[in-house]
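Okay, coords-v1.cif now, which holds mmCIF, C-alpha atoms:
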```cif
data_input
#
loop_
_atom_site.label_atom_id
_atom_site.label_comp_id
_atom_site.auth_asym_id
_atom_site.auth_seq_id
_atom_site.Cartn_x
_atom_site.Cartn_y
_atom_site.Cartn_z
CA MET A 1 48.17 -11.79 -28.29
CA ASN A 2 48.36 -15.00 -30.28
CA SER A 3 45.23 -17.04 -31.03
CA ARG A 4 46.17 -19.86 -28.64
CA ARG A 5 46.43 -17.45 -25.68
CA LEU A 6 43.20 -15.79 -26.71
CA ARG A 7 41.37 -19.14 -26.78
CA ARG A 8 42.63 -19.89 -23.24
CA ALA A 9 41.72 -16.44 -21.92
CA ALA A 10 38.27 -16.27 -23.54
CA PRO A 11 36.45 -18.50 -20.98
CA LEU A 12 37.97 -16.57 -18.06
CA LEU A 13 37.02 -13.26 -19.64
CA ALA A 14 33.48 -14.51 -20.27
CA LEU A 15 33.20 -15.69 -16.66
CA TRP A 16 34.49 -12.36 -15.34
CA LEU A 17 32.03 -10.42 -17.52
CA ALA A 18 29.12 -12.64 -16.41
CA VAL A 19 29.97 -12.18 -12.72
CA ALA A 20 30.38 -8.41 -13.15
CA ALA A 21 27.04 -8.13 -14.99
CA ALA A 22 25.20 -10.27 -12.42
CA THR A 23 26.64 -8.31 -9.51
CA ALA A 24 25.83 -4.94 -11.07
CA GLY A 25 22.24 -6.06 -11.69
CA THR A 26 21.87 -7.19 -8.09
CA ILE A 27 23.22 -3.93 -6.70
CA TRP A 28 20.92 -1.94 -8.99
CA ALA A 29 17.87 -4.00 -7.98
CA VAL A 30 18.59 -3.54 -4.27
CA ASP A 31 18.96 0.23 -4.64
CA GLN A 32 15.90 0.47 -6.84
CA ASP A 33 13.45 -1.03 -4.31
CA ARG A 34 14.77 0.86 -1.28
CA LEU A 35 12.54 3.79 -0.29
CA THR A 36 13.19 6.50 2.31
CA PHE A 37 10.78 8.77 4.15
CA THR A 38 12.16 11.82 2.33
CA GLN A 39 11.29 10.20 -1.02
CA LEU A 40 7.57 9.76 -0.25
CA TYR A 41 6.22 13.16 -1.26
CA LYS A 42 6.92 15.63 -4.02
CA SER A 43 5.17 18.59 -2.41
CA VAL A 44 2.93 19.80 0.38
CA GLY A 45 0.32 22.43 -0.38
CA VAL A 46 -3.16 23.64 0.42
CA LEU A 47 -4.56 20.60 -1.37
CA GLY A 48 -2.49 18.24 0.75
CA LEU A 49 0.45 15.97 0.07
CA LYS A 50 1.46 14.99 -3.47
CA PHE A 51 3.20 11.65 -3.88
CA SER A 52 6.64 11.69 -5.49
CA ASP A 53 7.16 10.26 -8.97
CA ARG A 54 9.31 7.55 -7.39
CA VAL A 55 6.51 6.43 -5.05
CA LEU A 56 3.99 6.39 -7.90
CA ALA A 57 6.41 4.32 -10.02
CA LEU A 58 6.92 1.82 -7.16
CA GLN A 59 3.20 1.49 -6.35
CA GLY A 60 2.26 -2.19 -6.28
CA LYS A 61 5.91 -3.30 -6.30
CA PRO A 62 8.10 -4.73 -3.52
CA VAL A 63 9.95 -2.07 -1.50
CA THR A 64 12.09 -1.94 1.61
CA MET A 65 11.97 0.92 4.10
CA ARG A 66 13.99 1.49 7.25
CA GLY A 67 12.47 3.14 10.31
CA TYR A 68 11.16 2.64 13.83
CA MET A 69 8.11 0.80 15.11
CA ALA A 70 5.67 3.07 16.92
CA PRO A 71 3.68 1.48 19.75
CA PRO A 72 0.76 -0.49 18.23
CA LEU A 73 -2.84 0.65 18.64
CA LYS A 74 -3.62 -2.66 20.33
CA PRO A 75 -1.43 -5.68 21.14
CA GLU A 76 -3.21 -8.05 18.73
CA ALA A 77 -2.94 -5.69 15.73
CA ASP A 78 -1.67 -7.07 12.45
CA PHE A 79 -0.14 -3.73 11.51
CA PHE A 80 1.96 -0.98 13.02
CA VAL A 81 3.07 2.54 12.17
CA MET A 82 6.67 2.90 11.07
CA THR A 83 8.22 6.29 11.75
CA LYS A 84 11.34 8.07 10.59
CA GLU A 85 12.46 8.66 14.19
CA PRO A 86 11.66 6.69 17.39
CA VAL A 87 8.41 7.74 19.09
CA SER A 88 6.85 6.79 22.41
CA LEU A 89 3.21 7.47 21.43
CA CYS A 90 1.32 6.10 18.46
CA PRO A 91 0.89 8.79 15.82
CA PHE A 92 -2.78 7.92 15.24
CA CYS A 93 -4.49 10.16 12.72
CA GLN A 94 -8.17 11.11 12.47
CA SER A 95 -8.06 11.70 8.72
CA ASP A 96 -5.64 11.69 5.83
CA ALA A 97 -5.60 15.52 6.02
CA ASP A 98 -3.74 15.14 9.36
CA TRP A 99 -1.35 12.54 7.97
CA PRO A 100 2.25 13.22 9.07
CA MET A 101 4.82 13.10 6.29
CA ASP A 102 7.15 10.76 8.14
CA ILE A 103 5.04 7.68 8.84
CA VAL A 104 4.08 4.58 6.86
CA VAL A 105 1.59 1.89 7.90
CA VAL A 106 3.06 -1.63 7.74
CA TYR A 107 0.70 -4.63 7.46
CA LEU A 108 2.51 -7.82 8.43
CA GLN A 109 2.47 -11.17 6.70
CA LYS A 110 -0.10 -13.56 8.15
CA GLY A 111 1.21 -15.10 11.37
CA ALA A 112 3.90 -12.47 11.98
CA ALA A 113 3.96 -11.06 15.51
CA LEU A 114 4.55 -7.51 16.66
CA SER A 115 7.20 -6.87 19.24
CA SER A 116 8.14 -3.56 20.80
CA ASN A 117 11.58 -2.39 19.93
CA VAL A 118 13.52 0.86 20.01
CA ASP A 119 16.07 -0.32 17.45
CA PRO A 120 15.63 0.44 13.74
CA ILE A 121 13.89 -2.11 11.56
CA GLU A 122 13.50 -2.76 7.86
CA ALA A 123 10.08 -3.62 6.46
CA THR A 124 9.88 -5.28 3.05
CA GLY A 125 6.57 -5.76 1.27
CA ARG A 126 4.33 -4.43 -1.50
CA LEU A 127 3.86 -0.64 -1.62
CA GLU A 128 0.31 0.76 -1.64
CA VAL A 129 -0.50 4.47 -1.85
CA GLY A 130 -3.71 6.47 -1.57
CA SER A 131 -6.15 7.16 1.23
CA GLN A 132 -7.49 4.01 2.85
CA THR A 133 -9.39 3.35 6.09
CA ASP A 134 -8.72 0.08 7.89
CA PRO A 135 -12.15 -1.58 8.27
CA LYS A 136 -11.34 -3.15 11.65
CA THR A 137 -9.77 -0.15 13.40
CA GLY A 138 -10.81 2.95 11.46
CA PHE A 139 -7.11 3.87 11.07
CA VAL A 140 -6.61 6.11 8.02
CA SER A 141 -3.43 5.79 5.98
CA LEU A 142 -1.91 7.28 2.85
CA VAL A 143 1.14 5.01 2.44
CA ARG A 144 1.24 1.31 3.28
CA ILE A 145 3.64 -1.60 2.99
CA VAL A 146 1.52 -4.76 2.88
CA ASN A 147 2.30 -8.44 3.36
CA ALA A 148 5.51 -7.25 5.01
CA HIS A 149 8.26 -9.10 6.75
CA LEU A 150 10.55 -7.36 9.22
CA LYS A 151 14.26 -7.41 9.80
CA ARG A 152 15.99 -5.78 12.75
CA THR A 153 18.90 -3.61 11.65
#
```

For the structure just supplied, provide its representation as structure tokens.
Amino acid sequence: MNSRRLRRAAPLLALWLAVAAATAGTIWAVDQDRLTFTQLYKSVGVLGLKFSDRVLALQGKPVTMRGYMAPPLKPEADFFVMTKEPVSLCPFCQSDADWPMDIVVVYLQKGAALSSNVDPIEATGRLEVGSQTDPKTGFVSLVRIVNAHLKRT
């Protein structure tokens, strides 16, 4: 290739490389913050559930999970339980020892409203892990997505 052709092709090549790099970074970022129910725990034993390395690495960071909204404890609640599969009863737990492996508590952004739905949803917010008792309701949780916004899928 002569130098004149190379000079003409260089800006197009640079543009193509920039677009490819930007797109690859976006795809990687989207995959990186997506979390599934099967990725929550590393093991289950006599001492309880052990969080996966992935969950511990994502703690405090934005994540997106897909699941189903269980019926809320009360209509004016600012949170709901997201389940792997649709349920008709709220999977309320007495303690974290009874915590099912396939639920996550989702605390909504201020002003967001709950609505019953049987279709899958995506919740995006900051991941919190560890036993916590909601001071208003006494609901015990191990995994939470806080300041979440919802998207119907």

Fill in: segment 46-61 of chain A environment, 6 Å, only C-alpha atoms, sequence neighbours closer than 6 positions dropped, as a PyMOL selection string
chain A and resi 40+126-128

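If you measure from each of A:Ala70, A:Ile103, A:Ala77, A:Val63 to Ala148 of chain A using only C-alpha atoms, the closest one turns out to be A:Val63.
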
Practice prompt. For the structure shown, which residues end up in the PyMOL selection byres ((chain A and resi 144) around 12)? Put them as a PyMOL selection string, please?
Written response: chain A and resi 40+55+58-65+79-82+103-108+123-134+139-143+145-148

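Comparing the minimum interatomic distances between Arg66 of chain A and each of A:Asp33, A:Asp78, A:Glu122, A:Asp102, counting all atoms listed in the file, we find that A:Glu122 sits nearest.
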
Response to the item:
Residue with the minimum atom-to-atom distance to Lys84 of chain A, picked from A:Thr36, A:Pro71, A:Ser43, A:Ala112 with only C-alpha atoms counted, is A:Thr36

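Note that the spacing between atom CA of Gly138 of chain A and atom CA of Val44 of chain A amounts to 24.4 Å.
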
Worksheet item: What lies within 8 Å of Pro120 of chain A using all atoms listed in the file, ignoring chain neighbours under 3 positions off, as a list of chain:residue names?
Response: A:Arg66, A:Gly67, A:Tyr68, A:Met69, A:Asn117, A:Arg152, A:Thr153

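Between atom CA of Val87 of chain A and atom CA of Leu150 of chain A the separation is 18.2 Å.
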
Fill in: d(atom CA of Lys151 of chain A, atom CA of Val118 of chain A) in Å
13.2 Å
